[in-house]
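Text of the file run.pdb, holding PDB, C-alpha atoms, pLDDT in the B column:
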ATOM      1  CA  MET C  22      81.460  90.324 120.651  1.00 89.00           C
ATOM      2  CA  ARG C  23      79.637  89.807 117.424  1.00 91.00           C
ATOM      3  CA  THR C  24      81.286  90.455 114.087  1.00 92.00           C
ATOM      4  CA  LEU C  25      79.773  90.403 110.627  1.00 94.00           C
ATOM      5  CA  VAL C  26      81.826  88.495 108.067  1.00 93.00           C
ATOM      6  CA  ASP C  27      80.897  87.843 104.437  1.00 96.00           C
ATOM      7  CA  LEU C  28      81.521  84.243 103.349  1.00 96.00           C
ATOM      8  CA  GLY C  29      81.003  82.642  99.988  1.00 97.00           C
ATOM      9  CA  ASP C  30      78.397  79.953  99.441  1.00 97.00           C
ATOM     10  CA  THR C  31      81.046  77.243  99.112  1.00 98.00           C
ATOM     11  CA  GLN C  32      82.666  78.324 102.382  1.00 97.00           C
ATOM     12  CA  VAL C  33      79.347  78.216 104.216  1.00 97.00           C
ATOM     13  CA  GLN C  34      78.527  74.813 102.734  1.00 98.00           C
ATOM     14  CA  ALA C  35      81.946  73.422 103.697  1.00 97.00           C
ATOM     15  CA  LEU C  36      81.577  74.807 107.222  1.00 97.00           C
ATOM     16  CA  ASP C  37      78.097  73.316 107.557  1.00 97.00           C
ATOM     17  CA  GLU C  38      79.344  69.901 106.443  1.00 97.00           C
ATOM     18  CA  LEU C  39      82.251  70.057 108.868  1.00 97.00           C
ATOM     19  CA  ALA C  40      79.954  71.224 111.662  1.00 97.00           C
ATOM     20  CA  VAL C  41      77.723  68.185 111.190  1.00 98.00           C
ATOM     21  CA  LYS C  42      80.723  65.850 110.998  1.00 97.00           C
ATOM     22  CA  ASP C  43      82.406  67.308 114.118  1.00 97.00           C
ATOM     23  CA  LYS C  44      79.115  67.919 115.963  1.00 97.00           C
ATOM     24  CA  ARG C  45      80.067  71.543 116.566  1.00 97.00           C
ATOM     25  CA  SER C  46      78.431  74.785 115.585  1.00 97.00           C
ATOM     26  CA  ARG C  47      79.577  76.794 112.589  1.00 96.00           C
ATOM     27  CA  ALA C  48      80.467  79.638 114.957  1.00 96.00           C
ATOM     28  CA  ALA C  49      82.650  77.317 117.055  1.00 97.00           C
ATOM     29  CA  LEU C  50      84.506  76.189 113.936  1.00 97.00           C
ATOM     30  CA  ILE C  51      85.099  79.775 112.871  1.00 97.00           C
ATOM     31  CA  ARG C  52      86.342  80.759 116.346  1.00 96.00           C
ATOM     32  CA  GLN C  53      88.735  77.782 116.325  1.00 97.00           C
ATOM     33  CA  ALA C  54      89.999  78.708 112.857  1.00 97.00           C
ATOM     34  CA  ILE C  55      90.680  82.270 114.003  1.00 96.00           C
ATOM     35  CA  ASP C  56      92.458  81.036 117.150  1.00 95.00           C
ATOM     36  CA  ASP C  57      94.630  78.705 115.038  1.00 94.00           C
ATOM     37  CA  PHE C  58      95.448  81.509 112.605  1.00 93.00           C
ATOM     38  CA  LEU C  59      96.410  83.911 115.380  1.00 91.00           C
ATOM     39  CA  ALA C  60      98.554  81.305 117.156  1.00 89.00           C
ATOM     40  CA  LYS C  61     100.383  80.527 113.924  1.00 87.00           C
ATOM     41  CA  ARG C  62     101.049  84.222 113.255  1.00 83.00           C
ATOM     42  CA  ARG C  63     102.200  84.732 116.836  1.00 82.00           C
ATOM     43  CA  SER C  64     104.658  81.831 116.672  1.00 76.00           C
ATOM     44  CA  HIS C  65     106.111  83.179 113.410  1.00 70.00           C
ATOM     45  CA  GLN C  66     106.581  86.606 114.971  1.00 68.00           C
ATOM     46  CA  GLU C  67     108.322  85.114 118.006  1.00 66.00           C
ATOM     47  CA  ALA C  68     110.663  83.119 115.779  1.00 65.00           C
ATOM     48  CA  ASP C  69     111.430  86.223 113.699  1.00 64.00           C
ATOM     49  CA  ALA C  70     112.420  88.115 116.841  1.00 62.00           C
ATOM     50  CA  PHE C  71     115.555  85.996 117.103  1.00 63.00           C
ATOM     51  CA  GLY C  72     116.625  86.862 113.573  1.00 63.00           C
ATOM     52  CA  LEU C  73     119.566  85.039 112.071  1.00 62.00           C
ATOM     53  CA  TRP C  74     121.120  84.267 115.448  1.00 66.00           C
ATOM     54  CA  GLY C  75     118.455  81.668 116.258  1.00 67.00           C
ATOM     55  CA  LYS C  76     120.018  79.135 113.872  1.00 71.00           C
ATOM     56  CA  ARG C  77     123.574  79.481 115.175  1.00 73.00           C
ATOM     57  CA  LYS C  78     125.103  76.714 117.261  1.00 78.00           C
ATOM     58  CA  VAL C  79     127.387  79.086 119.214  1.00 79.00           C
ATOM     59  CA  ASP C  80     126.362  80.236 122.688  1.00 80.00           C
ATOM     60  CA  GLY C  81     125.624  83.973 122.584  1.00 77.00           C
ATOM     61  CA  VAL C  82     127.548  84.794 125.752  1.00 84.00           C
ATOM     62  CA  ALA C  83     130.624  82.830 124.590  1.00 85.00           C
ATOM     63  CA  TYR C  84     130.505  84.655 121.251  1.00 83.00           C
ATOM     64  CA  GLN C  85     130.246  88.013 122.987  1.00 84.00           C
ATOM     65  CA  GLU C  86     133.163  87.254 125.322  1.00 87.00           C
ATOM     66  CA  LYS C  87     135.319  86.125 122.386  1.00 86.00           C
ATOM     67  CA  ALA C  88     134.492  89.256 120.384  1.00 86.00           C
ATOM     68  CA  ARG C  89     135.249  91.538 123.328  1.00 90.00           C
ATOM     69  CA  GLY C  90     138.499  89.685 123.963  1.00 86.00           C
ATOM     70  CA  GLU C  91     139.665  90.672 120.492  1.00 80.00           C
ATOM     71  CA  TRP C  92     139.472  94.392 121.330  1.00 79.00           C
TER
END
Hey, can you dump this file as structure tokens for me?
Amino acid sequence: MRTLVDLGDTQVQALDELAVKDKRSRAALIRQAIDDFLAKRRSHQEADAFGLWGKRKVDGVAYQEKARGEW
């Protein structure tokens, strides 16, 4: 799929320099940058799904059993 994106002159120049250095096309660099961006966003969303519990050292099942035992 083709997409039109407006880039500034300095961005295009930097991409062209990097393309020559890495021996890759400008389009390939842009696709890689988008893939990296999306992967980073996805990993942040997955980490956020665990909320505050993700940093706790207590096993979730043990915590639940202890809490229910107090009823």
Here's a test: counting only C-alpha atoms, identify every protein, DNA and RNA residue with an atom at most 12 Å from (80.1, 76.4, 115.2) in the file's coordinate frame, and state them as number ranges by chain. C: 33, 36-54
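Reported to one decimal place, the separation of atom CA of Phe58 of chain C from atom CA of Leu25 of chain C is 18.1 Å.
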A straight line from atom CA of Ala83 of chain C to atom CA of His65 of chain C spans 26.9 Å
What is the distance between atom CA of Gly29 of chain C and atom CA of Ile55 of chain C, in Å to one decimal? 17.0 Å
Could I see segment 29-45 of chain C restored to N, CA, C and O atoms, set down as an mmCIF file, keeping the file's coordinate frame?
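Full text of rebuild-v2.cif as output:
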data_model
loop_
_atom_site.group_PDB
_atom_site.id
_atom_site.type_symbol
_atom_site.label_atom_id
_atom_site.label_comp_id
_atom_site.auth_asym_id
_atom_site.auth_seq_id
_atom_site.Cartn_x
_atom_site.Cartn_y
_atom_site.Cartn_z
ATOM 1 N N GLY C 29 81.581 83.153 101.220
ATOM 2 C CA GLY C 29 81.003 82.642 99.988
ATOM 3 C C GLY C 29 80.146 81.419 100.253
ATOM 4 O O GLY C 29 80.255 80.771 101.302
ATOM 5 N N ASP C 30 79.291 81.111 99.298
ATOM 6 C CA ASP C 30 78.397 79.953 99.441
ATOM 7 C C ASP C 30 79.168 78.658 99.659
ATOM 8 O O ASP C 30 78.770 77.827 100.480
ATOM 9 N N THR C 31 80.270 78.480 98.956
ATOM 10 C CA THR C 31 81.046 77.243 99.112
ATOM 11 C C THR C 31 81.689 77.169 100.493
ATOM 12 O O THR C 31 81.798 76.080 101.068
ATOM 13 N N GLN C 32 82.086 78.320 101.039
ATOM 14 C CA GLN C 32 82.666 78.324 102.382
ATOM 15 C C GLN C 32 81.612 77.953 103.418
ATOM 16 O O GLN C 32 81.882 77.161 104.333
ATOM 17 N N VAL C 33 80.430 78.513 103.277
ATOM 18 C CA VAL C 33 79.347 78.216 104.216
ATOM 19 C C VAL C 33 78.962 76.748 104.126
ATOM 20 O O VAL C 33 78.787 76.072 105.155
ATOM 21 N N GLN C 34 78.885 76.227 102.919
ATOM 22 C CA GLN C 34 78.527 74.813 102.734
ATOM 23 C C GLN C 34 79.588 73.917 103.358
ATOM 24 O O GLN C 34 79.261 72.958 104.056
ATOM 25 N N ALA C 35 80.865 74.225 103.133
ATOM 26 C CA ALA C 35 81.946 73.422 103.697
ATOM 27 C C ALA C 35 81.925 73.485 105.227
ATOM 28 O O ALA C 35 82.128 72.477 105.902
ATOM 29 N N LEU C 36 81.672 74.672 105.769
ATOM 30 C CA LEU C 36 81.577 74.807 107.222
ATOM 31 C C LEU C 36 80.403 74.016 107.787
ATOM 32 O O LEU C 36 80.526 73.363 108.835
ATOM 33 N N ASP C 37 79.272 74.063 107.100
ATOM 34 C CA ASP C 37 78.097 73.316 107.557
ATOM 35 C C ASP C 37 78.356 71.817 107.549
ATOM 36 O O ASP C 37 77.983 71.099 108.481
ATOM 37 N N GLU C 38 79.026 71.331 106.522
ATOM 38 C CA GLU C 38 79.344 69.901 106.443
ATOM 39 C C GLU C 38 80.297 69.498 107.564
ATOM 40 O O GLU C 38 80.119 68.461 108.202
ATOM 41 N N LEU C 39 81.290 70.333 107.801
ATOM 42 C CA LEU C 39 82.251 70.057 108.868
ATOM 43 C C LEU C 39 81.588 70.145 110.240
ATOM 44 O O LEU C 39 81.892 69.355 111.137
ATOM 45 N N ALA C 40 80.665 71.068 110.392
ATOM 46 C CA ALA C 40 79.954 71.224 111.662
ATOM 47 C C ALA C 40 79.148 69.965 111.987
ATOM 48 O O ALA C 40 79.146 69.506 113.130
ATOM 49 N N VAL C 41 78.487 69.416 110.985
ATOM 50 C CA VAL C 41 77.723 68.185 111.190
ATOM 51 C C VAL C 41 78.671 67.038 111.533
ATOM 52 O O VAL C 41 78.434 66.275 112.477
ATOM 53 N N LYS C 42 79.750 66.929 110.788
ATOM 54 C CA LYS C 42 80.723 65.850 110.998
ATOM 55 C C LYS C 42 81.341 65.920 112.398
ATOM 56 O O LYS C 42 81.465 64.900 113.078
ATOM 57 N N ASP C 43 81.740 67.134 112.822
ATOM 58 C CA ASP C 43 82.406 67.308 114.118
ATOM 59 C C ASP C 43 81.444 67.542 115.270
ATOM 60 O O ASP C 43 81.868 67.663 116.422
ATOM 61 N N LYS C 44 80.145 67.650 114.956
ATOM 62 C CA LYS C 44 79.115 67.919 115.963
ATOM 63 C C LYS C 44 79.436 69.191 116.742
ATOM 64 O O LYS C 44 79.395 69.228 117.968
ATOM 65 N N ARG C 45 79.777 70.226 116.001
ATOM 66 C CA ARG C 45 80.067 71.543 116.566
ATOM 67 C C ARG C 45 79.316 72.579 115.753
ATOM 68 O O ARG C 45 78.947 72.342 114.612
#
